[in-house]
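Dropping query27.txt in here (compact mmCIF, C-alpha atoms):
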# COMPACT_ATOMS: atom_id res chain seq x y z
CA MET A 224 -23.31 2.98 11.25
CA PRO A 225 -19.46 2.85 11.17
CA LYS A 226 -19.32 -0.92 11.44
CA HIS A 227 -15.54 -1.32 11.16
CA PHE A 228 -14.84 1.41 13.71
CA LEU A 229 -17.44 0.07 16.15
CA SER A 230 -16.20 -3.51 15.76
CA ARG A 231 -12.55 -2.57 16.35
CA LEU A 232 -13.52 -0.42 19.36
CA VAL A 233 -15.38 -3.35 20.90
CA GLY A 234 -12.38 -5.50 20.02
CA LYS A 235 -10.10 -3.29 22.10
CA PHE A 236 -12.43 -3.64 25.07
CA ALA A 237 -12.67 -7.41 24.57
CA ALA A 238 -8.86 -7.72 24.59
CA ALA A 239 -8.34 -5.47 27.63
CA LYS A 240 -7.59 -6.75 31.13
CA MET A 241 -9.92 -4.64 33.28
CA GLY A 242 -10.32 -6.75 36.40
CA TRP A 243 -13.73 -6.50 38.02
CA LEU A 244 -15.20 -4.67 35.00
CA THR A 245 -14.23 -7.57 32.71
CA THR A 246 -15.66 -10.07 35.21
CA LYS A 247 -18.93 -8.14 35.43
CA ALA A 248 -19.25 -7.94 31.63
CA ILE A 249 -18.66 -11.68 31.33
CA SER A 250 -21.16 -12.44 34.11
CA GLN A 251 -23.84 -10.35 32.42
CA PHE A 252 -23.15 -11.97 29.06
CA ILE A 253 -23.44 -15.46 30.56
CA LYS A 254 -26.78 -14.53 32.12
CA ALA A 255 -28.16 -12.70 29.07
CA TYR A 256 -27.45 -15.55 26.64
CA GLY A 257 -27.93 -18.52 28.97
CA ILE A 258 -24.45 -19.88 28.35
CA ASN A 259 -23.75 -23.36 29.71
CA MET A 260 -20.50 -22.89 31.61
CA GLY A 261 -20.76 -26.45 32.94
CA GLU A 262 -19.14 -27.71 29.73
CA ALA A 263 -16.31 -25.14 29.79
CA LYS A 264 -12.85 -25.95 31.12
CA LEU A 265 -12.93 -22.78 33.24
CA LYS A 266 -16.30 -22.39 34.95
CA ASN A 267 -16.41 -18.92 36.48
CA ALA A 268 -16.46 -15.41 35.03
CA SER A 269 -13.56 -14.47 37.29
CA ASP A 270 -11.38 -17.21 35.74
CA PHE A 271 -10.91 -15.12 32.55
CA GLU A 272 -8.54 -12.15 32.28
CA THR A 273 -10.21 -10.73 29.17
CA PHE A 274 -13.58 -10.99 27.47
CA ASN A 275 -11.84 -12.60 24.48
CA ASP A 276 -10.47 -15.33 26.75
CA PHE A 277 -14.02 -16.05 27.86
CA PHE A 278 -15.51 -15.87 24.38
CA THR A 279 -12.98 -18.31 22.94
CA ARG A 280 -13.18 -20.49 26.05
CA GLU A 281 -11.96 -24.06 25.82
CA LEU A 282 -14.37 -26.91 26.46
CA GLU A 283 -13.61 -29.36 29.23
CA GLU A 284 -12.30 -32.75 28.18
CA GLY A 285 -15.13 -35.03 27.09
CA ALA A 286 -17.62 -32.22 26.41
CA ARG A 287 -17.63 -33.17 22.71
CA THR A 288 -16.90 -36.54 21.11
CA ILE A 289 -15.22 -36.69 17.71
CA ASP A 290 -16.02 -39.83 15.69
CA LYS A 291 -12.75 -40.93 14.03
CA ASP A 292 -14.52 -42.80 11.21
CA GLU A 293 -12.82 -41.62 7.97
CA SER A 294 -15.99 -42.23 5.97
CA THR A 295 -17.90 -39.51 7.84
CA LEU A 296 -17.50 -35.80 8.54
CA CYS A 297 -18.26 -34.12 11.85
CA TYR A 298 -19.77 -30.69 12.40
CA PRO A 299 -16.95 -28.13 12.67
CA VAL A 300 -18.75 -25.83 15.12
CA ASP A 301 -21.61 -25.42 17.52
CA GLY A 302 -24.31 -23.38 15.80
CA ALA A 303 -27.28 -23.75 13.49
CA ILE A 304 -27.47 -24.45 9.77
CA SER A 305 -28.53 -21.39 7.76
CA GLN A 306 -28.57 -23.12 4.37
CA GLN A 307 -26.91 -26.10 2.74
CA GLY A 308 -27.18 -28.01 -0.48
CA ASP A 309 -25.87 -28.02 -4.05
CA ILE A 310 -23.73 -25.36 -5.69
CA VAL A 311 -25.68 -24.71 -8.91
CA ASP A 312 -24.33 -22.60 -11.77
CA GLY A 313 -21.69 -21.21 -9.44
CA GLN A 314 -24.27 -19.95 -6.95
CA LEU A 315 -24.93 -20.72 -3.28
CA ILE A 316 -28.25 -20.11 -1.52
CA GLN A 317 -28.15 -17.44 1.17
CA ALA A 318 -31.89 -17.23 1.89
CA LYS A 319 -35.16 -17.44 -0.02
CA GLY A 320 -34.75 -15.23 -3.07
CA PHE A 321 -31.05 -14.55 -2.44
CA ASP A 322 -28.15 -16.38 -4.06
CA TYR A 323 -24.48 -15.41 -4.02
CA SER A 324 -21.42 -16.23 -6.10
CA LEU A 325 -19.02 -19.02 -5.17
CA THR A 326 -16.18 -17.21 -6.95
CA SER A 327 -16.85 -13.99 -5.04
CA LEU A 328 -17.09 -15.87 -1.74
CA LEU A 329 -13.64 -17.41 -2.27
CA GLY A 330 -11.95 -14.13 -3.14
CA GLY A 331 -12.81 -13.45 -6.78
CA ASP A 332 -10.50 -15.93 -8.54
CA ALA A 333 -12.26 -18.38 -10.87
CA GLN A 334 -9.39 -20.88 -10.65
CA THR A 335 -9.76 -21.07 -6.87
CA ALA A 336 -13.49 -21.70 -7.22
CA GLU A 337 -13.25 -24.26 -10.04
CA PRO A 338 -12.72 -27.40 -7.84
CA PHE A 339 -15.99 -26.62 -6.02
CA GLN A 340 -18.24 -25.92 -9.02
CA ASP A 341 -21.23 -28.31 -8.96
CA GLY A 342 -20.21 -29.46 -5.47
CA LYS A 343 -21.99 -28.87 -2.18
CA PHE A 344 -21.97 -26.11 0.42
CA SER A 345 -23.05 -25.66 4.01
CA CYS A 346 -23.47 -22.44 5.98
CA ILE A 347 -23.52 -22.57 9.79
CA TYR A 348 -24.32 -19.54 11.96
CA LEU A 349 -22.71 -19.21 15.39
CA ALA A 350 -24.87 -17.34 17.91
CA PRO A 351 -23.27 -15.36 20.76
CA LYS A 352 -23.96 -18.21 23.20
CA ASP A 353 -22.08 -20.80 21.13
CA TYR A 354 -18.60 -22.24 21.54
CA HIS A 355 -16.46 -20.18 19.15
CA ARG A 356 -13.55 -22.38 18.21
CA ILE A 357 -13.69 -23.91 14.73
CA HIS A 358 -12.57 -27.49 14.12
CA MET A 359 -11.86 -29.64 11.08
CA PRO A 360 -14.78 -31.75 9.81
CA MET A 361 -12.31 -34.26 8.30
CA ALA A 362 -8.58 -34.94 7.96
CA ALA A 363 -6.98 -32.45 5.58
CA THR A 364 -3.83 -30.64 4.45
CA LEU A 365 -3.78 -26.86 4.10
CA ARG A 366 -3.17 -25.63 0.54
CA GLU A 367 -3.98 -21.91 0.59
CA MET A 368 -5.30 -19.10 2.80
CA ILE A 369 -6.98 -16.00 1.39
CA TYR A 370 -7.87 -12.78 3.21
CA VAL A 371 -10.78 -10.97 1.54
CA PRO A 372 -11.61 -7.41 2.67
CA GLY A 373 -15.21 -6.35 2.95
CA GLU A 374 -18.10 -5.03 4.99
CA LEU A 375 -18.99 -6.05 8.53
CA PHE A 376 -22.74 -6.53 8.33
CA SER A 377 -24.38 -8.59 11.03
CA VAL A 378 -24.77 -12.22 9.91
CA ASN A 379 -27.75 -13.23 12.03
CA PRO A 380 -30.68 -14.98 10.32
CA LEU A 381 -32.69 -11.75 9.98
CA THR A 382 -29.84 -10.00 8.15
CA ALA A 383 -29.23 -13.04 5.95
CA ARG A 384 -32.83 -12.79 4.76
CA ASN A 385 -32.51 -9.09 3.91
CA VAL A 386 -28.96 -8.22 2.76
CA PRO A 387 -28.17 -9.56 -0.75
CA GLY A 388 -24.78 -11.28 -1.14
CA LEU A 389 -24.10 -10.96 2.59
CA PHE A 390 -21.42 -13.66 2.93
CA SER A 391 -19.61 -12.61 -0.24
CA ARG A 392 -19.61 -8.94 0.87
CA ASN A 393 -18.35 -9.27 4.45
CA GLU A 394 -14.68 -9.43 5.42
CA ARG A 395 -13.58 -13.07 5.55
CA VAL A 396 -10.73 -15.56 5.72
CA VAL A 397 -10.80 -18.49 3.27
CA ALA A 398 -8.86 -21.70 3.93
CA ILE A 399 -8.49 -24.24 1.10
CA PHE A 400 -7.61 -27.82 2.04
CA ASP A 401 -6.77 -31.04 0.22
CA THR A 402 -8.37 -34.22 1.53
CA GLN A 403 -8.21 -37.81 0.31
CA PHE A 404 -11.71 -37.37 -1.13
CA GLY A 405 -11.43 -33.93 -2.79
CA GLN A 406 -10.97 -30.29 -1.88
CA LEU A 407 -12.55 -28.54 1.09
CA ALA A 408 -12.95 -24.78 1.55
CA MET A 409 -13.75 -23.29 4.94
CA VAL A 410 -14.73 -19.63 4.90
CA LEU A 411 -14.66 -17.76 8.22
CA VAL A 412 -16.97 -14.78 7.74
CA GLY A 413 -16.56 -11.63 9.81
CA ALA A 414 -19.49 -9.60 11.13
CA THR A 415 -20.43 -6.52 13.13
CA ILE A 416 -18.66 -6.65 16.51
CA VAL A 417 -16.48 -9.61 15.44
CA ALA A 418 -13.22 -8.31 16.84
CA SER A 419 -10.88 -10.86 15.31
CA ILE A 420 -10.53 -13.96 13.12
CA GLU A 421 -7.63 -16.29 13.89
CA THR A 422 -6.23 -19.48 12.39
CA LYS A 423 -4.04 -22.02 14.18
CA TRP A 424 -1.21 -21.75 11.64
CA ALA A 425 -1.04 -17.96 11.19
CA GLY A 426 -2.53 -16.42 14.33
CA THR A 427 -4.63 -13.26 14.00
CA ILE A 428 -5.49 -12.50 10.36
CA THR A 429 -7.77 -9.54 11.03
CA PRO A 430 -7.61 -6.93 12.48
CA PRO A 431 -6.15 -4.85 11.04
CA ALA A 432 -8.59 -4.74 8.15
CA GLY A 433 -7.03 -4.58 4.70
CA LYS A 434 -8.12 -3.08 1.40
CA ASP A 435 -6.73 -5.80 -0.87
CA VAL A 436 -7.11 -9.56 -1.27
CA PHE A 437 -4.05 -11.38 0.12
CA ARG A 438 -3.09 -14.99 -0.63
CA TRP A 439 -0.73 -17.36 1.14
CA LYS A 440 0.28 -20.69 -0.46
CA TYR A 441 1.45 -23.66 1.63
CA PRO A 442 3.36 -26.85 0.77
CA THR A 443 1.05 -29.86 0.66
CA SER A 444 3.77 -32.45 1.24
CA GLY A 445 7.01 -32.78 3.15
CA VAL A 446 7.97 -31.68 6.65
CA ASP A 447 6.53 -28.18 6.19
CA ALA A 448 3.02 -29.35 5.23
CA ILE A 449 0.31 -28.20 7.66
CA THR A 450 -1.95 -31.16 8.35
CA PHE A 451 -5.02 -31.66 10.50
CA GLU A 452 -6.87 -34.67 11.80
CA LYS A 453 -10.65 -34.78 12.00
CA GLY A 454 -11.76 -32.70 14.97
CA ASP A 455 -8.55 -30.66 15.30
CA GLU A 456 -9.00 -26.95 16.03
CA MET A 457 -8.27 -24.82 12.94
CA GLY A 458 -9.34 -21.33 14.03
CA ARG A 459 -11.55 -19.18 16.19
CA PHE A 460 -13.81 -16.13 16.20
CA LYS A 461 -13.60 -13.47 18.86
CA LEU A 462 -17.34 -12.76 18.93
CA GLY A 463 -19.86 -14.59 16.78
CA SER A 464 -20.10 -15.17 13.06
CA THR A 465 -20.60 -17.76 10.31
CA VAL A 466 -18.64 -20.59 8.69
CA VAL A 467 -19.38 -21.48 5.05
CA SER A 468 -17.92 -24.79 3.85
CA ALA A 469 -17.68 -25.92 0.22
CA PHE A 470 -16.90 -29.41 -1.07
CA SER A 471 -15.80 -30.81 -4.42
CA PRO A 472 -18.45 -32.48 -6.63
CA ASN A 473 -19.61 -35.97 -5.58
CA MET A 474 -17.51 -35.73 -2.42
CA VAL A 475 -20.07 -35.83 0.41
CA GLU A 476 -23.72 -36.39 1.19
CA PHE A 477 -25.27 -34.37 4.02
CA GLU A 478 -27.56 -35.96 6.57
CA ALA A 479 -31.00 -36.29 4.96
CA ASN A 480 -32.89 -34.67 7.85
CA ALA A 481 -30.52 -31.70 8.26
CA GLY A 482 -31.39 -28.29 6.84
CA PRO A 483 -32.08 -24.67 7.74
CA GLY A 484 -32.53 -24.35 11.49
CA THR A 485 -30.86 -27.64 12.39
CA VAL A 486 -28.79 -27.20 15.54
CA THR A 487 -25.19 -28.35 15.09
CA ARG A 488 -22.77 -29.60 17.73
CA LEU A 489 -19.06 -30.02 17.20
CA GLY A 490 -18.20 -33.67 16.60
CA GLU A 491 -21.67 -34.91 15.70
CA LEU A 492 -22.42 -36.47 12.30
CA TYR A 493 -22.37 -33.82 9.56
CA ALA A 494 -22.04 -35.76 6.30
CA THR A 495 -20.89 -39.03 4.79
CA VAL A 496 -18.24 -39.50 2.14
CA ASN A 497 -19.80 -40.52 -1.17
CA GLU A 498 -18.44 -44.08 -1.27
CA LYS A 499 -19.61 -44.61 -4.87
CA GLN A 500 -17.10 -42.00 -6.02
CA HIS A 501 -14.13 -42.96 -3.86

structure tokens encoding of this file:
Amino acid sequence: MPKHFLSRLVGKFAAAKMGWLTTKAISQFIKAYGINMGEAKLKNASDFETFNDFFTRELEEGARTIDKDESTLCYPVDGAISQQGDIVDGQLIQAKGFDYSLTSLLGGDAQTAEPFQDGKFSCIYLAPKDYHRIHMPMAATLREMIYVPGELFSVNPLTARNVPGLFSRNERVVAIFDTQFGQLAMVLVGATIVASIETKWAGTITPPAGKDVFRWKYPTSGVDAITFEKGDEMGRFKLGSTVVSAFSPNMVEFEANAGPGTVTRLGELYATVNEKQH
């Protein structure tokens, strides 16, 4: 299947203003996936000019609560945990029997991956019904962004159990942040039918799809530094995908009862800063 061609074709439809046809497509999507429009700022299918506007819909004020406690992290997205745990020997768990490389995930540069070796990772899958804006789990300053070309396999749980190295093979955008407790990487993974990945500071990163790895460095101090508070929006998917986060060693401890299948909600307790180390 020509995944890139199909995804970009759907992307053109999703970005088009087609009046009643757009409204009908949105209405059918809401019904098919049981989307709760009661928590959206705009409630009706007819309120959106394009399918992308609907898919990246804003939540109404108060729909999510962000705890401002600096000793905790909040979930960055609505979704479900695929896997999370320790980064061991430079490998992350994708599914039973499948590991993948931290270095490959972050774009192939060992120096970029070094701060996260022996740290922790968390992979959260966003289903089509979920809210598709991505927020910061903690206060941070942007250090680097990396575009990594790749495939556009589906990233649903079934595919994750059957396609080796899925998240390190798909097209993705990597954002590296400094925090007061260590470094944080957030990897926005593309997928079949994902029409676009955006960040707040650079706008649309893909499409168009590239053939080479691209890197952008940012100042981490001074007036030009790009900073975020806990809960701030940092990017969005136009159609569903996955966010993989990586943390420096001894930086955080995940909630003890959270693991594969745990439903996540933006703003709820994700992890706690390891106070013994900071």

Min atom-atom distance to A:Gly285 from the set A:Ile249, A:Leu489, A:Val496, A:Met457, counting all atoms listed in the file, belongs to A:Leu489

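Across the structure, atom CA of A:Lys291 and atom CA of A:Tyr348 are spaced 24.4 Å apart.
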
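Atom CA of A:Ala469 lies 22.8 Å from atom CA of A:Leu381.
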
Atom CA of A:Glu281 sits from atom CA of A:Lys440 at a separation of 29.2 Å

- request: For A:Gly331, please output as JSON, numbers by chain all residues within 12 Å (counting all atoms listed in the file; exclusion window: fewer than 6 positions along the same chain).
  value: {"A": [324, 325, 337, 369, 370, 371, 372, 391, 392, 397, 435, 436, 437, 438]}

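The residue that comes closest to A:Ala383, out of A:Ile399, A:Ile316, A:Ile428, A:Leu407 and on the basis of all atoms listed in the file, is A:Ile316.
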
One residue among A:Gly242, A:Ala318, A:Ser464, A:Thr279 is nearest to A:Phe376 when using all atoms listed in the file, and that residue is A:Ser464

How big is the axis-aligned box around the listed atoms of stretch 402-412 of chain A once 6 Å is added on each side, and where is its centre? Give both in Å to one decimal, as lines of an AutoDock Vina configuration file.
center_x = -12.6
center_y = -26.3
center_z = 2.7
size_x = 20.8
size_y = 35.0
size_z = 23.0

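The smallest atom-to-atom distance between A:Val475 and any of A:Met361, A:Ile347, A:Val410, A:Val378, using all atoms listed in the file, is found for A:Met361.
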
Spatial neighbours of A:Ser294, max dist 12 Å, all atoms listed in the file, sep filter under 4 positions, as a ChimeraX atom specification: /A:290,360-362,402-404,453,474-476,492-499,501

- Task: Select, counting only C-alpha atoms, all protein, DNA and RNA residues no farther than 7 Å from (-18.9, -12.7, 9.7) in file coordinates, and express the selection as a ChimeraX atom specification.
- Result: /A:375,377-378,393-395,411-414,417,464-465

Got time to write the residues from that selection, C-alpha atoms, as a compact mmCIF listing (two decimals), in the frame of the given file?
# COMPACT_ATOMS: atom_id res chain seq x y z
CA LEU A 375 -18.99 -6.05 8.53
CA SER A 377 -24.38 -8.59 11.03
CA VAL A 378 -24.77 -12.22 9.91
CA ASN A 393 -18.35 -9.27 4.45
CA GLU A 394 -14.68 -9.43 5.42
CA ARG A 395 -13.58 -13.07 5.55
CA LEU A 411 -14.66 -17.76 8.22
CA VAL A 412 -16.97 -14.78 7.74
CA GLY A 413 -16.56 -11.63 9.81
CA ALA A 414 -19.49 -9.60 11.13
CA VAL A 417 -16.48 -9.61 15.44
CA SER A 464 -20.10 -15.17 13.06
CA THR A 465 -20.60 -17.76 10.31

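Look at A:Gly320: the protein and nucleic acid residues within 12 Å of it, using all atoms listed in the file and passing over chain neighbours fewer than 6 places away, are Ala383, Arg384, Asn385, Val386, Pro387 and Gly388 of chain A.
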
- Within 7 Å of stretch 238-241 of chain A, counting only C-alpha atoms, which residues show up once you throw out same-chain ones fewer than 2 positions away? Write them as a PyMOL selection string, please. chain A and resi 234-236+243-245+272-275

- Query: Within 6 Å of (-5.2, -27.7, 1.7), in the coordinates the file gives, what residues turn up when you count all atoms listed in the file, written out as a PyMOL selection string?
  - Reply: chain A and resi 364-366+399-401

- request: Excluding A:Tyr354 and residues on its chain fewer than 3 positions from it, collect all residues at most 12 Å away from it, counting all atoms listed in the file, and give them as an MDAnalysis selection string.
  value: chainID A and resid 258:260 262:264 276:283 286:287 299:303 348:351 357:358 458:464 487:489

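Proximity to A:Glu421 was assessed for A:Ala408, A:Leu329, A:Met368, A:Ile304 counting only C-alpha atoms; the smallest distance is recorded for A:Met368.
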
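In this comparison, which uses all atoms listed in the file, the residue of A:Gly342, A:Gly405, A:Gly482, A:Pro442 approaching A:Asp312 most closely is A:Gly342.
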
Reconstruct stretch 246-257 of chain A at the level of all heavy atoms, and format the result as a PDB file, in the coordinates of the input.
ATOM      1  N   THR A 246     -14.886  -9.000  34.566  1.00  0.00           N
ATOM      2  CA  THR A 246     -15.660 -10.070  35.210  1.00  0.00           C
ATOM      3  C   THR A 246     -17.152  -9.767  35.178  1.00  0.00           C
ATOM      4  O   THR A 246     -17.976 -10.649  34.893  1.00  0.00           O
ATOM      5  CB  THR A 246     -15.195 -10.270  36.659  1.00  0.00           C
ATOM      6  OG1 THR A 246     -13.817 -10.642  36.661  1.00  0.00           O
ATOM      7  CG2 THR A 246     -15.999 -11.352  37.355  1.00  0.00           C
ATOM      8  N   LYS A 247     -17.514  -8.513  35.433  1.00  0.00           N
ATOM      9  CA  LYS A 247     -18.930  -8.140  35.430  1.00  0.00           C
ATOM     10  C   LYS A 247     -19.518  -8.269  34.027  1.00  0.00           C
ATOM     11  O   LYS A 247     -20.634  -8.775  33.856  1.00  0.00           O
ATOM     12  CB  LYS A 247     -19.097  -6.703  35.935  1.00  0.00           C
ATOM     13  CG  LYS A 247     -20.553  -6.264  36.064  1.00  0.00           C
ATOM     14  CD  LYS A 247     -20.676  -4.929  36.746  1.00  0.00           C
ATOM     15  CE  LYS A 247     -22.136  -4.497  36.882  1.00  0.00           C
ATOM     16  NZ  LYS A 247     -22.913  -5.454  37.698  1.00  0.00           N
ATOM     17  N   ALA A 248     -18.768  -7.829  33.011  1.00  0.00           N
ATOM     18  CA  ALA A 248     -19.250  -7.940  31.630  1.00  0.00           C
ATOM     19  C   ALA A 248     -19.469  -9.398  31.242  1.00  0.00           C
ATOM     20  O   ALA A 248     -20.468  -9.743  30.601  1.00  0.00           O
ATOM     21  CB  ALA A 248     -18.268  -7.264  30.686  1.00  0.00           C
ATOM     22  N   ILE A 249     -18.529 -10.252  31.635  1.00  0.00           N
ATOM     23  CA  ILE A 249     -18.660 -11.680  31.330  1.00  0.00           C
ATOM     24  C   ILE A 249     -19.858 -12.273  32.054  1.00  0.00           C
ATOM     25  O   ILE A 249     -20.651 -13.024  31.462  1.00  0.00           O
ATOM     26  CB  ILE A 249     -17.362 -12.428  31.711  1.00  0.00           C
ATOM     27  CG1 ILE A 249     -16.206 -11.988  30.798  1.00  0.00           C
ATOM     28  CG2 ILE A 249     -17.564 -13.946  31.614  1.00  0.00           C
ATOM     29  CD1 ILE A 249     -14.849 -12.502  31.244  1.00  0.00           C
ATOM     30  N   SER A 250     -20.032 -11.922  33.317  1.00  0.00           N
ATOM     31  CA  SER A 250     -21.160 -12.440  34.110  1.00  0.00           C
ATOM     32  C   SER A 250     -22.494 -12.054  33.477  1.00  0.00           C
ATOM     33  O   SER A 250     -23.416 -12.874  33.370  1.00  0.00           O
ATOM     34  CB  SER A 250     -21.094 -11.919  35.539  1.00  0.00           C
ATOM     35  OG  SER A 250     -19.943 -12.378  36.200  1.00  0.00           O
ATOM     36  N   GLN A 251     -22.599 -10.810  33.038  1.00  0.00           N
ATOM     37  CA  GLN A 251     -23.840 -10.350  32.420  1.00  0.00           C
ATOM     38  C   GLN A 251     -24.092 -11.043  31.088  1.00  0.00           C
ATOM     39  O   GLN A 251     -25.233 -11.359  30.742  1.00  0.00           O
ATOM     40  CB  GLN A 251     -23.803  -8.833  32.254  1.00  0.00           C
ATOM     41  CG  GLN A 251     -23.872  -8.080  33.577  1.00  0.00           C
ATOM     42  CD  GLN A 251     -23.889  -6.577  33.397  1.00  0.00           C
ATOM     43  OE1 GLN A 251     -23.429  -6.044  32.388  1.00  0.00           O
ATOM     44  NE2 GLN A 251     -24.416  -5.873  34.394  1.00  0.00           N
ATOM     45  N   PHE A 252     -23.026 -11.279  30.342  1.00  0.00           N
ATOM     46  CA  PHE A 252     -23.150 -11.970  29.060  1.00  0.00           C
ATOM     47  C   PHE A 252     -23.621 -13.399  29.266  1.00  0.00           C
ATOM     48  O   PHE A 252     -24.502 -13.894  28.545  1.00  0.00           O
ATOM     49  CB  PHE A 252     -21.791 -11.950  28.347  1.00  0.00           C
ATOM     50  CG  PHE A 252     -21.852 -12.287  26.888  1.00  0.00           C
ATOM     51  CD1 PHE A 252     -21.998 -11.290  25.935  1.00  0.00           C
ATOM     52  CD2 PHE A 252     -21.755 -13.599  26.454  1.00  0.00           C
ATOM     53  CE1 PHE A 252     -22.039 -11.594  24.577  1.00  0.00           C
ATOM     54  CE2 PHE A 252     -21.802 -13.918  25.110  1.00  0.00           C
ATOM     55  CZ  PHE A 252     -21.950 -12.906  24.166  1.00  0.00           C
ATOM     56  N   ILE A 253     -23.042 -14.086  30.244  1.00  0.00           N
ATOM     57  CA  ILE A 253     -23.440 -15.460  30.560  1.00  0.00           C
ATOM     58  C   ILE A 253     -24.929 -15.516  30.892  1.00  0.00           C
ATOM     59  O   ILE A 253     -25.673 -16.382  30.401  1.00  0.00           O
ATOM     60  CB  ILE A 253     -22.606 -16.019  31.728  1.00  0.00           C
ATOM     61  CG1 ILE A 253     -21.155 -16.226  31.292  1.00  0.00           C
ATOM     62  CG2 ILE A 253     -23.201 -17.332  32.249  1.00  0.00           C
ATOM     63  CD1 ILE A 253     -20.217 -16.552  32.443  1.00  0.00           C
ATOM     64  N   LYS A 254     -25.384 -14.563  31.704  1.00  0.00           N
ATOM     65  CA  LYS A 254     -26.780 -14.530  32.120  1.00  0.00           C
ATOM     66  C   LYS A 254     -27.698 -14.179  30.949  1.00  0.00           C
ATOM     67  O   LYS A 254     -28.739 -14.818  30.737  1.00  0.00           O
ATOM     68  CB  LYS A 254     -26.960 -13.510  33.240  1.00  0.00           C
ATOM     69  CG  LYS A 254     -28.375 -13.448  33.797  1.00  0.00           C
ATOM     70  CD  LYS A 254     -28.457 -12.461  34.962  1.00  0.00           C
ATOM     71  CE  LYS A 254     -29.880 -12.396  35.523  1.00  0.00           C
ATOM     72  NZ  LYS A 254     -29.961 -11.431  36.650  1.00  0.00           N
ATOM     73  N   ALA A 255     -27.306 -13.180  30.159  1.00  0.00           N
ATOM     74  CA  ALA A 255     -28.160 -12.700  29.070  1.00  0.00           C
ATOM     75  C   ALA A 255     -28.382 -13.774  28.013  1.00  0.00           C
ATOM     76  O   ALA A 255     -29.481 -13.890  27.454  1.00  0.00           O
ATOM     77  CB  ALA A 255     -27.544 -11.453  28.441  1.00  0.00           C
ATOM     78  N   TYR A 256     -27.355 -14.574  27.720  1.00  0.00           N
ATOM     79  CA  TYR A 256     -27.450 -15.550  26.640  1.00  0.00           C
ATOM     80  C   TYR A 256     -27.615 -16.994  27.127  1.00  0.00           C
ATOM     81  O   TYR A 256     -27.663 -17.916  26.313  1.00  0.00           O
ATOM     82  CB  TYR A 256     -26.218 -15.442  25.731  1.00  0.00           C
ATOM     83  CG  TYR A 256     -26.241 -14.188  24.890  1.00  0.00           C
ATOM     84  CD1 TYR A 256     -25.506 -13.071  25.250  1.00  0.00           C
ATOM     85  CD2 TYR A 256     -27.029 -14.115  23.743  1.00  0.00           C
ATOM     86  CE1 TYR A 256     -25.543 -11.903  24.488  1.00  0.00           C
ATOM     87  CE2 TYR A 256     -27.074 -12.962  22.976  1.00  0.00           C
ATOM     88  CZ  TYR A 256     -26.328 -11.860  23.353  1.00  0.00           C
ATOM     89  OH  TYR A 256     -26.372 -10.718  22.603  1.00  0.00           O
ATOM     90  N   GLY A 257     -27.711 -17.175  28.436  1.00  0.00           N
ATOM     91  CA  GLY A 257     -27.930 -18.520  28.970  1.00  0.00           C
ATOM     92  C   GLY A 257     -26.836 -19.492  28.616  1.00  0.00           C
ATOM     93  O   GLY A 257     -27.100 -20.639  28.240  1.00  0.00           O
TER      94      GLY A 257
END
